[in-house]
Structure formats: structure tokens, C-alpha cells
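*Asks:* Input: one structure, supplied below.
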Amino acid sequence: MKIFTDSGCDLPKSYYEENDVVLLPLRVQLNNEEYEDVISIDSKEIYDAIRQGAHPKTSQVSPEVFLQHFENLAKNDEEGIYIAFSSELSGTYSTAQMIHKQLLEDYPSLKLVIIDSKCASLGHGLVVEEAVRLRNAGTTLEEMQAKITALAPQIEHLFTVEDLDYLAKGGRLSKASAFLGGLLSIKPILNVEDGKLVPIEKSRGRKKALARMLDIMQERGDSFTDKIVGISHSDDITFANEAKAAIQERFSPKAIQVTMIGSVIGSHVGPGTIAIFFTNKNYQN
């Protein structure tokens, strides 16, 4: 079974080849050049450029990329599953659906499942990792679809940003709120609900924001001894390690995974973002 995903999952570049996952790259435009996320640009380049005043733009996976990979799947009579970045944050899922529908006209027996994860960054990545574990355990395509469809809505996303201006530029926050928040060192805590970014609280300073995020983890996650916790950061490994140590001390989870937020999501949240991902207490493995 082929597993496809896009670069909205923010897994390390090495992960795809080591685990036989097909990466479908979203795209980034920087200084009049277009790059394939992960493949031809490193996220560190994006953060350095943003700090120097650049305003990168992003776009979805190209239809041609979907067509090439999905048609190869059909020609080889293989089964496949594509786990997509949230449809509320990118048009990539819809494009994949369109290409799938077109191919079914020529390949009516195409065995491809497309799932809108409604997740982002390493929250999306945790879903992909579970799909890999299921495939390696011999799970059928039908079982995979059921298990991944049940898992994805139970992934919690909690994050805070260093600079509110990036969210304002992306239309996620009013410019007046961003200006006032910057003056007061206000750090919003946001999460993802049904695939959308939703602000839930505000804290004064990063330390308090992180402390409050851990309180929310306790409320939503309950016991963490059998859970994998994901941490993503936008070029701030020091703060990510602080978060990791605090989570380890308080929750002692099964594992903690730390990755850097990729070029596409990083273009919208800016440097200094920290995000925490975990399955909530409603999820039954």
C-alpha cells in the first residue's frame, strides 16, 4: 500500500524515504523564485528571509504532481491512501479530489482513499506516522481508512506565536489587535477546530502562554503515559526544548517528538512559534 502525504505535515525530510512515504510538496514563492517545500528549500531559509523583511507566499500541491502519482498507482494496480493537510487551510485536498475523480473515468478500478486530516504541522504528521505503523502491521486499506478517519479529529493542536503581526498579515488577527498585543507582550493561544485556526485565550508573555498550554493539555489529554506528544517550532529550538522538558516533567509521556515547522506553515506563522500536539482523552486506540 502506498501512503501519500503533503509537506503540510512538517515531518523531517529523512522520514519520507526511510518509511516509504510519498511526499507531495506544497510550494513557496520567495524573492520571485518558486520552490518545492522540503525538496528544494529548507525552512531555515524562510525564517532568515522573514527576519530580513521578506514576505514569502505559498501555494498548494500542483495538479500535475497529483496526476503523475495517482496515475502511476492506477497503472501499477496498487492501493493507496493520501492523508491531506487541512482543507480549511489549503486547497490541496480539493485538488486531490478533483484529480482522483478525473482518473476514475479512465481507471474505474483505481484503489485510492483521500482523507482530509483537518490537521496541520506535526498534528498532521502524527496521523501520517500512525498510518505507517498500521501499514507495516498489515492493515487493509479499508481498515486503514476507518482507523485514520477516527484518529484525525482527536488530534489536539495548541500553539502560540512570537509576533502577532504574522497572523495579522495572514488575516487571522486584526492589525489593531496585533499592534496592541505587541505593546503588551500578549501571546495568543490558538488551536485547530475542525481544521480551522481558532484563538482560545491570551497570555502575557511566552512563559505564561506555555504554562497555560500545559494546563489545557491536562484538561484535554488526561493521562499521557501511552501517548506520543509532538512539538513543532519555527526556528526556536531553545524554546522547543524548554517545552519538551516541562512536558516531560509534568506528564511523562510515552515519547516526545520535536520538529521544525516547514516553509509553508512557517511563512504564515513566522519565527518563534511553538506548537504542541497530542491525542485527546476521547481517542480510543
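By order of appearance in the C-alpha cells: chains A, B, ..., then residues from 1 within every chain, and ligands from 1 in the order shown.
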What's the 8 Å shell around segment 192-204 of chain A, counting only C-alpha atoms, without same-chain residues fewer than 2 positions away, as a PyMOL selection string?

*Replies:* chain A and resi 86-89+117-120+153+156-158+172+184-190+206+208-209+212

*Asks:* Run DSSP on the backbone and tell me which residues of segment 2-212 of chain A come out as strand (DSSP E or B); list them as JSON, numbers by chain.

*Replies:* {"A": [2, 3, 4, 5, 6, 21, 22, 23, 24, 27, 28, 29, 30, 33, 34, 35, 36, 37, 41, 57, 58, 59, 79, 80, 81, 82, 83, 84, 111, 112, 113, 114, 115, 116, 155, 156, 157, 158, 159, 160, 186, 187, 188, 189, 190, 191, 192, 193, 196, 197, 198, 199, 200, 201, 202, 203, 204]}

*Asks:* So that I can check the surroundings of Gly221 of chain A, please list as a PyMOL selection string every protein, DNA and RNA residue that reaches within 12 Å of it, counting only C-alpha atoms and ignoring chain neighbours fewer than 6 positions away.

*Replies:* chain A and resi 154-158+213-215+227-229+251+253+276-284

*Asks:* From the DSSP assignment of the backbone, select every residue of segment 97-219 of chain A that is alpha helix (DSSP H), and format the answer as JSON, numbers by chain.

*Replies:* {"A": [97, 98, 99, 100, 101, 102, 103, 104, 105, 106, 121, 122, 123, 124, 125, 126, 127, 128, 129, 130, 131, 132, 133, 134, 135, 136, 141, 142, 143, 144, 145, 146, 147, 148, 149, 150, 151, 164, 165, 166, 167, 168, 169, 175, 176, 177, 178, 179, 180, 181, 182, 183, 184, 206, 207, 208, 209, 210, 211, 212, 213, 214, 215, 216, 217, 218, 219]}

*Asks:* Could you check the closest approach to Val38 of chain A for each of A:Gln52, A:Ser263, A:Asn191, A:Thr139 and tell me which residue wins, using only C-alpha atoms?

*Replies:*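 Selected residue with least distance to Val38 of chain A: A:Ser263.
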